[in-house]
>>> print(open('protein_1.cif').read())   # mmCIF, C-alpha atoms
data_structure
loop_
_atom_site.label_atom_id
_atom_site.label_comp_id
_atom_site.auth_asym_id
_atom_site.auth_seq_id
_atom_site.Cartn_x
_atom_site.Cartn_y
_atom_site.Cartn_z
CA MET A 16 8.46 -6.75 9.86
CA ALA A 17 7.26 -5.39 13.19
CA GLN A 18 9.61 -7.49 15.25
CA GLY A 19 13.32 -7.05 15.66
CA VAL A 20 15.90 -5.44 17.79
CA PRO A 21 17.45 -2.18 16.63
CA GLU A 22 21.03 -2.64 15.47
CA ASN A 23 22.22 0.61 16.94
CA ILE A 24 21.11 2.25 20.14
CA PRO A 25 21.64 5.99 19.68
CA GLU A 26 22.99 8.15 22.49
CA ASP A 27 20.11 10.59 22.31
CA GLY A 28 19.09 10.45 25.96
CA LEU A 29 15.69 8.98 25.05
CA THR A 30 14.18 5.82 26.50
CA THR A 31 13.12 3.09 24.07
CA ARG A 32 9.52 4.07 24.70
CA GLN A 33 10.17 7.73 23.98
CA ARG A 34 12.03 6.81 20.83
CA ARG A 35 9.34 4.38 19.80
CA ASN A 36 6.66 7.01 20.11
CA ARG A 37 8.54 9.62 18.14
CA PRO A 38 6.47 10.80 15.19
CA LEU A 39 7.80 9.49 11.89
CA THR A 40 8.58 11.27 8.67
CA MET A 41 8.36 8.85 5.78
CA VAL A 42 9.15 9.11 2.08
CA HIS A 43 8.12 6.68 -0.66
CA THR A 44 10.02 7.50 -3.79
CA GLY A 45 11.45 5.85 -6.93
CA ASP A 46 10.12 5.12 -10.41
CA GLY A 47 8.26 1.95 -9.50
CA LYS A 48 4.64 1.38 -8.58
CA GLY A 49 3.46 1.15 -4.99
CA LYS A 50 4.55 4.52 -3.57
CA SER A 51 1.02 5.82 -3.04
CA THR A 52 -0.55 2.41 -2.60
CA ALA A 53 1.80 1.69 0.31
CA ALA A 54 0.92 5.06 1.85
CA PHE A 55 -2.76 4.14 1.65
CA GLY A 56 -1.98 0.75 3.17
CA LEU A 57 -0.43 2.66 6.07
CA THR A 58 -3.58 4.74 6.29
CA LEU A 59 -5.51 1.50 6.91
CA ARG A 60 -3.33 0.74 9.90
CA GLY A 61 -3.79 4.22 11.28
CA TRP A 62 -7.55 4.00 10.77
CA ASN A 63 -7.59 0.83 12.82
CA GLN A 64 -5.78 2.68 15.63
CA GLY A 65 -8.57 5.24 15.66
CA TRP A 66 -6.37 7.95 14.18
CA ASN A 67 -7.56 11.13 12.56
CA ILE A 68 -5.93 11.06 9.13
CA GLY A 69 -5.63 13.74 6.48
CA VAL A 70 -4.94 12.72 2.90
CA PHE A 71 -3.81 15.50 0.56
CA GLN A 72 -3.41 14.60 -3.08
CA PHE A 73 -1.21 16.94 -5.07
CA VAL A 74 -2.47 15.60 -8.38
CA LYS A 75 -3.79 17.36 -11.43
CA SER A 76 -6.75 15.17 -12.16
CA ALA A 77 -9.70 14.94 -9.79
CA LYS A 78 -10.30 11.43 -11.12
CA TRP A 79 -7.18 9.76 -9.77
CA ARG A 80 -7.28 7.37 -6.83
CA LEU A 81 -11.07 7.18 -6.89
CA GLY A 82 -10.90 3.59 -5.68
CA GLU A 83 -8.95 4.40 -2.55
CA GLN A 84 -10.92 7.57 -1.92
CA SER A 85 -14.18 5.70 -2.06
CA ALA A 86 -12.97 2.95 0.30
CA PHE A 87 -11.68 5.52 2.80
CA GLU A 88 -14.93 7.48 2.66
CA ALA A 89 -16.68 4.27 3.70
CA LEU A 90 -14.16 3.69 6.50
CA ASP A 91 -14.51 7.30 7.63
CA GLU A 92 -18.26 6.89 7.93
CA LEU A 93 -17.76 3.78 10.03
CA GLY A 94 -15.29 5.68 12.20
CA ALA A 95 -17.82 8.48 12.66
CA GLN A 96 -20.66 6.14 13.63
CA SER A 97 -18.96 3.65 15.88
CA PRO A 98 -16.10 3.32 18.34
CA LYS A 99 -14.37 1.22 15.70
CA GLY A 100 -11.80 2.89 13.50
CA GLY A 101 -10.66 6.43 12.97
CA ARG A 102 -11.44 9.28 10.64
CA VAL A 103 -10.06 9.91 7.17
CA GLU A 104 -10.39 13.28 5.47
CA TRP A 105 -9.62 13.10 1.78
CA HIS A 106 -8.63 16.27 -0.04
CA LYS A 107 -7.45 16.66 -3.58
CA MET A 108 -6.10 19.47 -5.62
CA GLY A 109 -7.71 18.25 -8.85
CA SER A 110 -10.56 20.71 -9.37
CA GLY A 111 -9.99 22.89 -6.33
CA TRP A 112 -9.33 21.76 -2.75
CA SER A 113 -12.44 20.66 -0.88
CA TRP A 114 -11.96 23.25 1.89
CA SER A 115 -11.60 26.06 -0.62
CA ARG A 116 -14.42 28.33 -1.72
CA LYS A 117 -12.80 28.71 -5.10
CA ALA A 118 -14.43 26.54 -7.71
CA GLY A 119 -10.99 25.88 -9.02
CA THR A 120 -9.72 25.11 -12.43
CA GLU A 121 -7.31 22.39 -13.36
CA GLU A 122 -5.08 25.02 -14.94
CA ASP A 123 -3.45 26.90 -12.13
CA HIS A 124 -1.65 23.99 -10.52
CA ALA A 125 1.09 26.10 -8.98
CA ALA A 126 -1.34 28.31 -7.06
CA ALA A 127 -3.39 25.30 -5.99
CA ALA A 128 -0.29 23.49 -4.74
CA VAL A 129 0.80 26.53 -2.73
CA GLU A 130 -2.68 26.81 -1.24
CA GLY A 131 -2.65 23.13 -0.32
CA TRP A 132 0.66 23.40 1.46
CA ALA A 133 -0.48 26.53 3.36
CA GLU A 134 -3.50 24.60 4.64
CA ILE A 135 -1.34 21.64 5.66
CA LYS A 136 1.00 23.99 7.58
CA ARG A 137 -1.99 25.43 9.37
CA ARG A 138 -3.24 21.97 10.31
CA ILE A 139 0.20 20.84 11.48
CA ALA A 140 0.47 23.91 13.73
CA ALA A 141 -2.97 23.10 15.13
CA GLU A 142 -2.09 19.38 15.48
CA GLU A 143 -5.21 18.40 13.57
CA HIS A 144 -4.17 14.97 12.32
CA ASP A 145 -2.30 11.94 13.60
CA LEU A 146 -1.14 11.06 10.09
CA TYR A 147 -0.72 13.25 7.01
CA VAL A 148 -0.54 11.55 3.63
CA LEU A 149 1.02 14.02 1.19
CA ASP A 150 0.47 12.17 -2.05
CA GLU A 151 2.58 13.12 -5.10
CA PHE A 152 4.01 15.91 -2.98
CA THR A 153 7.51 15.68 -4.49
CA TYR A 154 6.32 17.11 -7.81
CA PRO A 155 5.21 20.61 -6.71
CA ILE A 156 8.44 20.77 -4.70
CA ASN A 157 10.58 19.70 -7.66
CA TRP A 158 8.78 22.15 -9.96
CA GLY A 159 9.68 24.97 -7.56
CA TRP A 160 6.10 25.71 -6.57
CA ILE A 161 6.60 24.79 -2.91
CA ASP A 162 9.82 25.71 -1.11
CA VAL A 163 11.58 22.58 0.10
CA ASP A 164 13.31 24.49 2.92
CA ASP A 165 9.93 25.62 4.21
CA VAL A 166 8.70 22.02 4.09
CA VAL A 167 11.76 20.74 5.95
CA ALA A 168 11.57 23.47 8.61
CA THR A 169 7.85 22.92 9.11
CA LEU A 170 8.14 19.16 9.43
CA ALA A 171 11.32 19.23 11.54
CA ASN A 172 9.69 21.55 14.07
CA ARG A 173 6.17 20.19 14.07
CA PRO A 174 4.51 19.90 17.46
CA GLY A 175 3.05 16.82 19.12
CA ARG A 176 2.93 13.38 17.62
CA GLN A 177 1.97 13.78 13.99
CA HIS A 178 3.22 11.25 11.44
CA VAL A 179 3.83 12.32 7.85
CA VAL A 180 4.24 10.23 4.72
CA MET A 181 5.17 11.84 1.39
CA THR A 182 5.12 10.14 -1.98
CA GLY A 183 6.42 10.85 -5.46
CA ARG A 184 9.38 10.34 -7.75
CA ARG A 185 12.75 12.00 -7.29
CA ALA A 186 12.30 13.11 -3.69
CA ASP A 187 14.49 16.12 -2.93
CA PRO A 188 17.70 15.12 -1.05
CA LYS A 189 16.63 17.45 1.76
CA LEU A 190 13.46 15.39 2.24
CA ILE A 191 15.51 12.19 2.27
CA GLU A 192 17.84 13.72 4.83
CA LEU A 193 14.92 14.77 7.03
CA ALA A 194 13.02 11.49 6.83
CA ASP A 195 13.24 8.65 9.32
CA LEU A 196 12.07 6.08 6.81
CA VAL A 197 12.72 6.17 3.09
CA THR A 198 11.72 3.43 0.68
CA GLU A 199 12.56 3.49 -2.98
CA MET A 200 10.15 1.64 -5.23
CA THR A 201 12.07 0.42 -8.27
CA LYS A 202 10.44 -0.77 -11.44
CA VAL A 203 11.70 -4.21 -12.36
CA LYS A 204 8.95 -5.00 -14.85
CA HIS A 205 5.77 -3.21 -15.87
CA PRO A 206 2.89 -4.45 -18.04
CA MET A 207 3.13 -1.28 -20.13
CA ASP A 208 6.53 -2.52 -21.33
CA ALA A 209 4.63 -5.44 -22.87
CA GLY A 210 2.07 -3.17 -24.48
CA GLN A 211 -0.57 -3.48 -21.77
CA LYS A 212 -2.46 -0.37 -20.72
CA GLY A 213 -3.72 0.39 -17.23
CA GLN A 214 -6.81 -1.41 -16.06
CA ARG A 215 -9.68 -1.02 -13.65
CA GLY A 216 -9.00 -2.17 -10.10
CA ILE A 217 -5.27 -2.27 -10.67
CA GLU A 218 -4.34 1.24 -11.70
CA TRP A 219 -7.34 3.09 -10.29
CA MET B 241 0.19 6.49 -13.18
CA ALA B 242 -2.93 5.24 -14.89
CA GLN B 243 -2.40 7.30 -18.02
CA GLY B 244 0.14 6.73 -20.74
CA VAL B 245 0.68 5.05 -23.99
CA PRO B 246 2.53 1.74 -24.08
CA GLU B 247 6.01 2.07 -25.54
CA ASN B 248 5.86 -1.22 -27.38
CA ILE B 249 2.88 -2.80 -29.09
CA PRO B 250 3.49 -6.54 -29.06
CA GLU B 251 2.65 -8.74 -32.02
CA ASP B 252 0.50 -11.08 -29.95
CA GLY B 253 -2.64 -10.88 -32.08
CA LEU B 254 -4.59 -9.30 -29.20
CA THR B 255 -6.57 -6.10 -29.36
CA THR B 256 -5.73 -3.35 -26.88
CA ARG B 257 -8.91 -4.19 -24.98
CA GLN B 258 -8.04 -7.88 -24.78
CA ARG B 259 -4.56 -7.02 -23.62
CA ARG B 260 -5.88 -4.51 -21.12
CA ASN B 261 -8.20 -7.05 -19.57
CA ARG B 262 -5.57 -9.74 -19.24
CA PRO B 263 -5.27 -10.84 -15.62
CA LEU B 264 -2.10 -9.59 -14.00
CA THR B 265 0.54 -11.43 -12.04
CA MET B 266 2.33 -9.03 -9.72
CA VAL B 267 5.32 -9.36 -7.42
CA HIS B 268 6.39 -6.92 -4.70
CA THR B 269 9.85 -7.84 -3.53
CA GLY B 270 13.02 -6.27 -2.10
CA ASP B 271 14.29 -5.54 1.40
CA GLY B 272 12.39 -2.29 1.88
CA LYS B 273 9.07 -1.60 3.53
CA GLY B 274 5.85 -1.30 1.56
CA LYS B 275 5.63 -4.68 -0.18
CA SER B 276 2.58 -5.86 1.72
CA THR B 277 1.19 -2.39 2.36
CA ALA B 278 1.12 -1.72 -1.37
CA ALA B 279 -0.66 -5.05 -1.94
CA PHE B 280 -3.30 -4.01 0.59
CA GLY B 281 -3.58 -0.62 -1.11
CA LEU B 282 -4.34 -2.54 -4.31
CA THR B 283 -6.95 -4.52 -2.40
CA LEU B 284 -8.72 -1.22 -1.67
CA ARG B 285 -8.98 -0.49 -5.37
CA GLY B 286 -10.33 -3.96 -6.07
CA TRP B 287 -12.85 -3.61 -3.24
CA ASN B 288 -14.11 -0.41 -4.82
CA GLN B 289 -14.63 -2.30 -8.10
CA GLY B 290 -16.84 -4.77 -6.29
CA TRP B 291 -14.30 -7.56 -6.55
CA ASN B 292 -14.24 -10.72 -4.50
CA ILE B 293 -10.77 -10.72 -2.95
CA GLY B 294 -8.92 -13.45 -1.09
CA VAL B 295 -6.02 -12.50 1.16
CA PHE B 296 -3.74 -15.34 2.23
CA GLN B 297 -1.05 -14.51 4.73
CA PHE B 298 1.84 -16.93 4.85
CA VAL B 299 3.09 -15.61 8.16
CA LYS B 300 3.99 -17.37 11.35
CA SER B 301 2.31 -15.08 13.80
CA ALA B 302 -1.46 -14.74 13.90
CA LYS B 303 -0.98 -11.22 15.25
CA TRP B 304 0.58 -9.64 12.16
CA ARG B 305 -1.31 -7.19 10.00
CA LEU B 306 -4.15 -6.88 12.50
CA GLY B 307 -4.70 -3.28 11.43
CA GLU B 308 -5.28 -4.12 7.80
CA GLN B 309 -7.28 -7.22 8.63
CA SER B 310 -9.60 -5.25 10.84
CA ALA B 311 -10.12 -2.52 8.24
CA PHE B 312 -10.85 -5.08 5.53
CA GLU B 313 -13.30 -6.94 7.76
CA ALA B 314 -15.19 -3.67 8.07
CA LEU B 315 -15.08 -3.13 4.30
CA ASP B 316 -16.18 -6.71 3.71
CA GLU B 317 -19.23 -6.17 5.93
CA LEU B 318 -20.10 -3.06 3.96
CA GLY B 319 -19.68 -5.01 0.73
CA ALA B 320 -22.00 -7.73 2.06
CA GLN B 321 -24.72 -5.29 3.14
CA SER B 322 -24.82 -2.84 0.29
CA PRO B 323 -24.23 -2.56 -3.43
CA LYS B 324 -21.14 -0.55 -2.59
CA GLY B 325 -17.80 -2.33 -2.56
CA GLY B 326 -16.70 -5.92 -2.86
CA ARG B 327 -15.88 -8.75 -0.53
CA VAL B 328 -12.60 -9.46 1.20
CA GLU B 329 -11.85 -12.84 2.76
CA TRP B 330 -8.87 -12.75 5.06
CA HIS B 331 -7.03 -15.97 5.84
CA LYS B 332 -3.84 -16.45 7.75
CA MET B 333 -1.59 -19.31 8.46
CA GLY B 334 -0.66 -18.10 11.96
CA SER B 335 -2.60 -20.44 14.23
CA GLY B 336 -4.19 -22.63 11.57
CA TRP B 337 -5.99 -21.49 8.41
CA SER B 338 -9.53 -20.28 8.99
CA TRP B 339 -11.04 -22.86 6.61
CA SER B 340 -9.21 -25.70 8.31
CA ARG B 341 -10.70 -27.88 11.02
CA LYS B 342 -7.30 -28.35 12.54
CA ALA B 343 -6.79 -26.16 15.57
CA GLY B 344 -3.30 -25.60 14.32
CA THR B 345 -0.07 -24.96 16.07
CA GLU B 346 2.46 -22.33 15.19
CA GLU B 347 5.07 -25.06 14.97
CA ASP B 348 4.42 -26.93 11.78
CA HIS B 349 4.84 -24.06 9.37
CA ALA B 350 5.85 -26.21 6.45
CA ALA B 351 2.70 -28.34 6.58
CA ALA B 352 0.55 -25.24 7.07
CA ALA B 353 2.14 -23.51 4.09
CA VAL B 354 1.57 -26.55 1.87
CA GLU B 355 -2.05 -26.73 3.00
CA GLY B 356 -2.51 -23.03 2.25
CA TRP B 357 -1.16 -23.39 -1.26
CA ALA B 358 -3.36 -26.45 -1.93
CA GLU B 359 -6.42 -24.42 -0.96
CA ILE B 360 -5.35 -21.51 -3.17
CA LYS B 361 -4.90 -23.89 -6.11
CA ARG B 362 -8.38 -25.23 -5.52
CA ARG B 363 -9.83 -21.72 -5.47
CA ILE B 364 -7.93 -20.70 -8.59
CA ALA B 365 -9.29 -23.72 -10.46
CA ALA B 366 -12.80 -22.81 -9.28
CA GLU B 367 -12.24 -19.12 -10.17
CA GLU B 368 -13.33 -18.05 -6.70
CA HIS B 369 -11.62 -14.68 -6.48
CA ASP B 370 -10.95 -11.68 -8.70
CA LEU B 371 -7.76 -10.89 -6.79
CA TYR B 372 -5.51 -13.12 -4.70
CA VAL B 373 -3.13 -11.45 -2.28
CA LEU B 374 -0.44 -14.01 -1.39
CA ASP B 375 1.32 -12.17 1.41
CA GLU B 376 4.87 -13.23 2.37
CA PHE B 377 4.50 -16.04 -0.15
CA THR B 378 8.13 -15.94 -1.27
CA TYR B 379 9.34 -17.37 2.04
CA PRO B 380 7.69 -20.83 1.97
CA ILE B 381 8.83 -21.06 -1.65
CA ASN B 382 12.40 -20.10 -0.81
CA TRP B 383 12.46 -22.51 2.11
CA GLY B 384 11.50 -25.32 -0.26
CA TRP B 385 8.11 -25.96 1.33
CA ILE B 386 6.15 -25.00 -1.78
CA ASP B 387 7.38 -26.01 -5.22
CA VAL B 388 8.03 -22.92 -7.32
CA ASP B 389 7.46 -24.85 -10.57
CA ASP B 390 4.02 -25.85 -9.35
CA VAL B 391 3.27 -22.22 -8.49
CA VAL B 392 4.44 -21.03 -11.90
CA ALA B 393 2.48 -23.71 -13.78
CA THR B 394 -0.67 -23.05 -11.74
CA LEU B 395 -0.53 -19.29 -12.22
CA ALA B 396 0.51 -19.45 -15.88
CA ASN B 397 -2.45 -21.67 -16.72
CA ARG B 398 -5.07 -20.21 -14.44
CA PRO B 399 -8.52 -19.83 -15.97
CA GLY B 400 -10.62 -16.69 -16.32
CA ARG B 401 -9.62 -13.26 -15.14
CA GLN B 402 -8.00 -13.67 -11.75
CA HIS B 403 -5.33 -11.21 -10.63
CA VAL B 404 -2.57 -12.33 -8.30
CA VAL B 405 -0.15 -10.30 -6.22
CA MET B 406 2.65 -11.97 -4.27
CA THR B 407 4.86 -10.30 -1.69
CA GLY B 408 8.10 -11.10 0.11
CA ARG B 409 11.83 -10.71 -0.07
CA ARG B 410 14.06 -12.47 -2.58
CA ALA B 411 11.34 -13.52 -5.02
CA ASP B 412 12.41 -16.58 -7.00
CA PRO B 413 13.67 -15.66 -10.52
CA LYS B 414 10.96 -17.94 -11.94
CA LEU B 415 8.30 -15.78 -10.27
CA ILE B 416 9.94 -12.63 -11.64
CA GLU B 417 10.01 -14.21 -15.10
CA LEU B 418 6.32 -15.14 -14.86
CA ALA B 419 5.10 -11.81 -13.51
CA ASP B 420 3.73 -8.94 -15.58
CA LEU B 421 4.55 -6.37 -12.94
CA VAL B 422 7.46 -6.52 -10.53
CA THR B 423 8.34 -3.78 -8.09
CA GLU B 424 11.37 -3.90 -5.85
CA MET B 425 11.07 -2.01 -2.59
CA THR B 426 14.53 -0.88 -1.55
CA LYS B 427 15.38 0.32 1.90
CA VAL B 428 17.04 3.71 1.76
CA LYS B 429 16.61 4.55 5.42
CA HIS B 430 14.78 2.84 8.27
CA PRO B 431 14.04 4.13 11.78
CA MET B 432 15.48 0.92 13.24
CA ASP B 433 18.86 2.05 11.94
CA ALA B 434 18.51 4.99 14.32
CA GLY B 435 17.53 2.74 17.21
CA GLN B 436 13.78 3.18 16.87
CA LYS B 437 11.55 0.15 17.32
CA GLY B 438 8.31 -0.52 15.50
CA GLN B 439 5.27 1.43 16.58
CA ARG B 440 1.52 1.15 16.63
CA GLY B 441 -0.24 2.34 13.49
CA ILE B 442 2.99 2.32 11.50
CA GLU B 443 4.24 -1.24 11.70
CA TRP B 444 0.97 -2.98 12.56
#
>>> encode(input="protein_1.cif", output="structure tokens")
Amino acid sequence: MAQGVPENIPEDGLTTRQRRNRPLTMVHTGDGKGKSTAAFGLTLRGWNQGWNIGVFQFVKSAKWRLGEQSAFEALDELGAQSPKGGRVEWHKMGSGWSWSRKAGTEEDHAAAAVEGWAEIKRRIAAEEHDLYVLDEFTYPINWGWIDVDDVVATLANRPGRQHVVMTGRRADPKLIELADLVTEMTKVKHPMDAGQKGQRGIEW
Amino acid sequence: MAQGVPENIPEDGLTTRQRRNRPLTMVHTGDGKGKSTAAFGLTLRGWNQGWNIGVFQFVKSAKWRLGEQSAFEALDELGAQSPKGGRVEWHKMGSGWSWSRKAGTEEDHAAAAVEGWAEIKRRIAAEEHDLYVLDEFTYPINWGWIDVDDVVATLANRPGRQHVVMTGRRADPKLIELADLVTEMTKVKHPMDAGQKGQRGIEW
């Protein structure tokens, strides 16, 4: 719902416009479906605003999210060729980050996750993107590979107007505390409960 | 999560493949953000499978979701011109449905909603789409404009392999009962609580 009047007006000395234009930190968590899909839906909106978007997938398999990746590659090409739309860079940890010279194995996830976060920090400092999608980012944090305090400090002090959305189950309470917008996706019913496996177009 | 083994194998006489290919009925409900955005994320996956997708927005304002609409129009053009990607038809109730000859006013929402549902029924019977996105569809049902029993009967008996995703708050228990996959988006924190209004690229 885009419309609506805020219930509380904070005494933060900001005008409505300043507050409106504040960069957002968003978390999609919970055990239900839709955490990443909603983040990619948000990416569509940003693309239409002409934003430069960086997607970083902290997932083991290079095969995940191929559907979305492929659609955003097409949108990125359009954004490059015409005044319509923005840019979308899509990076995934799967078999080595795309910016990395290392061929990468799917084994050393911890090192790959640390490398991914270092690159994101560098980009945030350089204000490279308007929106960062940190997909499945809660896992390397929860497994102790990436320091949550470093993430919080980096995001809390980031320069300019860079939006960040993070997805994954069991988001650390410090991320929840930091975030402006937190949605929990709760599973009410899932086809797997009725013996149905994932299918093309729905799960990938 | 695409992977995983179902916990229960039902005694429905179907093979895993038959069960896997069963068309899905999905509901995104709850008071949190991400219900529609996740449905549009799903639309991306379908597009990448070459699906023919129909989006039907049961919203009052013709201005909502312009970001997503614009991105999907671009993807639809790509799908029309090349072997890559599918088609996405985007219809909204706002100022009269696009297939309708009536200029439409924003006043008679009830009549417009009924007309939208009649058209969707027609398309379902004709197996026109691989995926139907019925956005904000719970509202005209909850307001008594569209008969929930008719919706349930139509969806339960639909022919072929047509997926359906419905979004909106307070989904009718009969829709929940019918659905294969139900996710509730719960608001944990929202920027409006801190006095921040919606902003470009995030809310639209």
>>> closest_residue(input="protein_1.cif", among="A:Lys78, A:Lys48, A:Lys107, A:Arg173", to="A:Lys136", atoms="all atoms listed in the file")
A:Arg173
>>> residues_around(input="protein_1.cif", residues="B:Asn292", least_positions_apart="6", cutoff="8 Å", atoms="only C-alpha atoms", output="PyMOL selection string")
chain B and resi 286+326-329+368-371
>>> closest_residue(input="protein_1.cif", among="A:Ala168, A:Val163, A:Ala194, A:Ala140", to="chain B", atoms="only C-alpha atoms")
A:Ala194
>>> residues_near_point(input="protein_1.cif", point="(13.0, -13.4, -10.5)", cutoff="12 Å", atoms="only C-alpha atoms", output="list in words")
Val203 and Lys204 of chain A; Met266, Val267, His268, Thr269, Gly270, Thr378, Asn382, Val388, Val392, Gly408, Arg409, Arg410, Ala411, Asp412, Pro413, Lys414, Leu415, Ile416, Glu417, Leu418, Ala419, Asp420, Leu421, Val422, Thr423 and Glu424 of chain B
>>> write_last_selection(input="protein_1.cif", atoms="C-alpha atoms", output="mmCIF file, in the coordinates of the input")
data_model
loop_
_atom_site.group_PDB
_atom_site.id
_atom_site.type_symbol
_atom_site.label_atom_id
_atom_site.label_comp_id
_atom_site.auth_asym_id
_atom_site.auth_seq_id
_atom_site.Cartn_x
_atom_site.Cartn_y
_atom_site.Cartn_z
ATOM 1 C CA VAL A 203 11.700 -4.210 -12.360
ATOM 2 C CA LYS A 204 8.950 -5.000 -14.850
ATOM 3 C CA MET B 266 2.330 -9.030 -9.720
ATOM 4 C CA VAL B 267 5.320 -9.360 -7.420
ATOM 5 C CA HIS B 268 6.390 -6.920 -4.700
ATOM 6 C CA THR B 269 9.850 -7.840 -3.530
ATOM 7 C CA GLY B 270 13.020 -6.270 -2.100
ATOM 8 C CA THR B 378 8.130 -15.940 -1.270
ATOM 9 C CA ASN B 382 12.400 -20.100 -0.810
ATOM 10 C CA VAL B 388 8.030 -22.920 -7.320
ATOM 11 C CA VAL B 392 4.440 -21.030 -11.900
ATOM 12 C CA GLY B 408 8.100 -11.100 0.110
ATOM 13 C CA ARG B 409 11.830 -10.710 -0.070
ATOM 14 C CA ARG B 410 14.060 -12.470 -2.580
ATOM 15 C CA ALA B 411 11.340 -13.520 -5.020
ATOM 16 C CA ASP B 412 12.410 -16.580 -7.000
ATOM 17 C CA PRO B 413 13.670 -15.660 -10.520
ATOM 18 C CA LYS B 414 10.960 -17.940 -11.940
ATOM 19 C CA LEU B 415 8.300 -15.780 -10.270
ATOM 20 C CA ILE B 416 9.940 -12.630 -11.640
ATOM 21 C CA GLU B 417 10.010 -14.210 -15.100
ATOM 22 C CA LEU B 418 6.320 -15.140 -14.860
ATOM 23 C CA ALA B 419 5.100 -11.810 -13.510
ATOM 24 C CA ASP B 420 3.730 -8.940 -15.580
ATOM 25 C CA LEU B 421 4.550 -6.370 -12.940
ATOM 26 C CA VAL B 422 7.460 -6.520 -10.530
ATOM 27 C CA THR B 423 8.340 -3.780 -8.090
ATOM 28 C CA GLU B 424 11.370 -3.900 -5.850
#
>>> residues_around(input="protein_1.cif", residues="stretch 122-134 of chain A", least_positions_apart="4", cutoff="12 Å", atoms="all atoms listed in the file", output="VMD selection string")
chain A and resid 69 to 76 106 to 118 138 to 141 143 147 149 to 163 165 to 166 169 to 170
>>> closest_residue(input="protein_1.cif", among="B:Val404, B:Ala311, B:Ile293, B:Ala320", to="chain A", atoms="all atoms listed in the file")
B:Ala311
>>> closest_residue(input="protein_1.cif", among="B:Asn288, B:Gln321, B:Gln309, B:Thr265", to="chain A", atoms="only C-alpha atoms")
B:Asn288
>>> closest_residue(input="protein_1.cif", among="A:Ala171, A:Leu93, A:Ile135, A:Met200", to="chain B", atoms="only C-alpha atoms")
A:Met200
>>> closest_residue(input="protein_1.cif", among="B:Pro323, B:Gly274, B:Gly400, B:Leu315", to="B:His430", atoms="only C-alpha atoms")
B:Gly274
>>> atom_distance(input="protein_1.cif", atom1="atom CA of B:Gly290", atom2="atom CA of A:Thr182")
26.9 Å
>>> resolve_selection(input="protein_1.cif", expression="the PyMOL selection byres ((chain B and resi 440) around 9)", output="list in words")
Asn36, Arg60, Gly61 and Gln64 of chain A; Gly438, Gln439, Gly441, Ile442, Glu443 and Trp444 of chain B
>>> atom_distance(input="protein_1.cif", atom1="atom CA of B:Arg305", atom2="atom CA of A:Gly56")
10.5 Å
>>> atom_distance(input="protein_1.cif", atom1="atom CA of B:Ala279", atom2="atom CA of B:Gly319")
19.2 Å
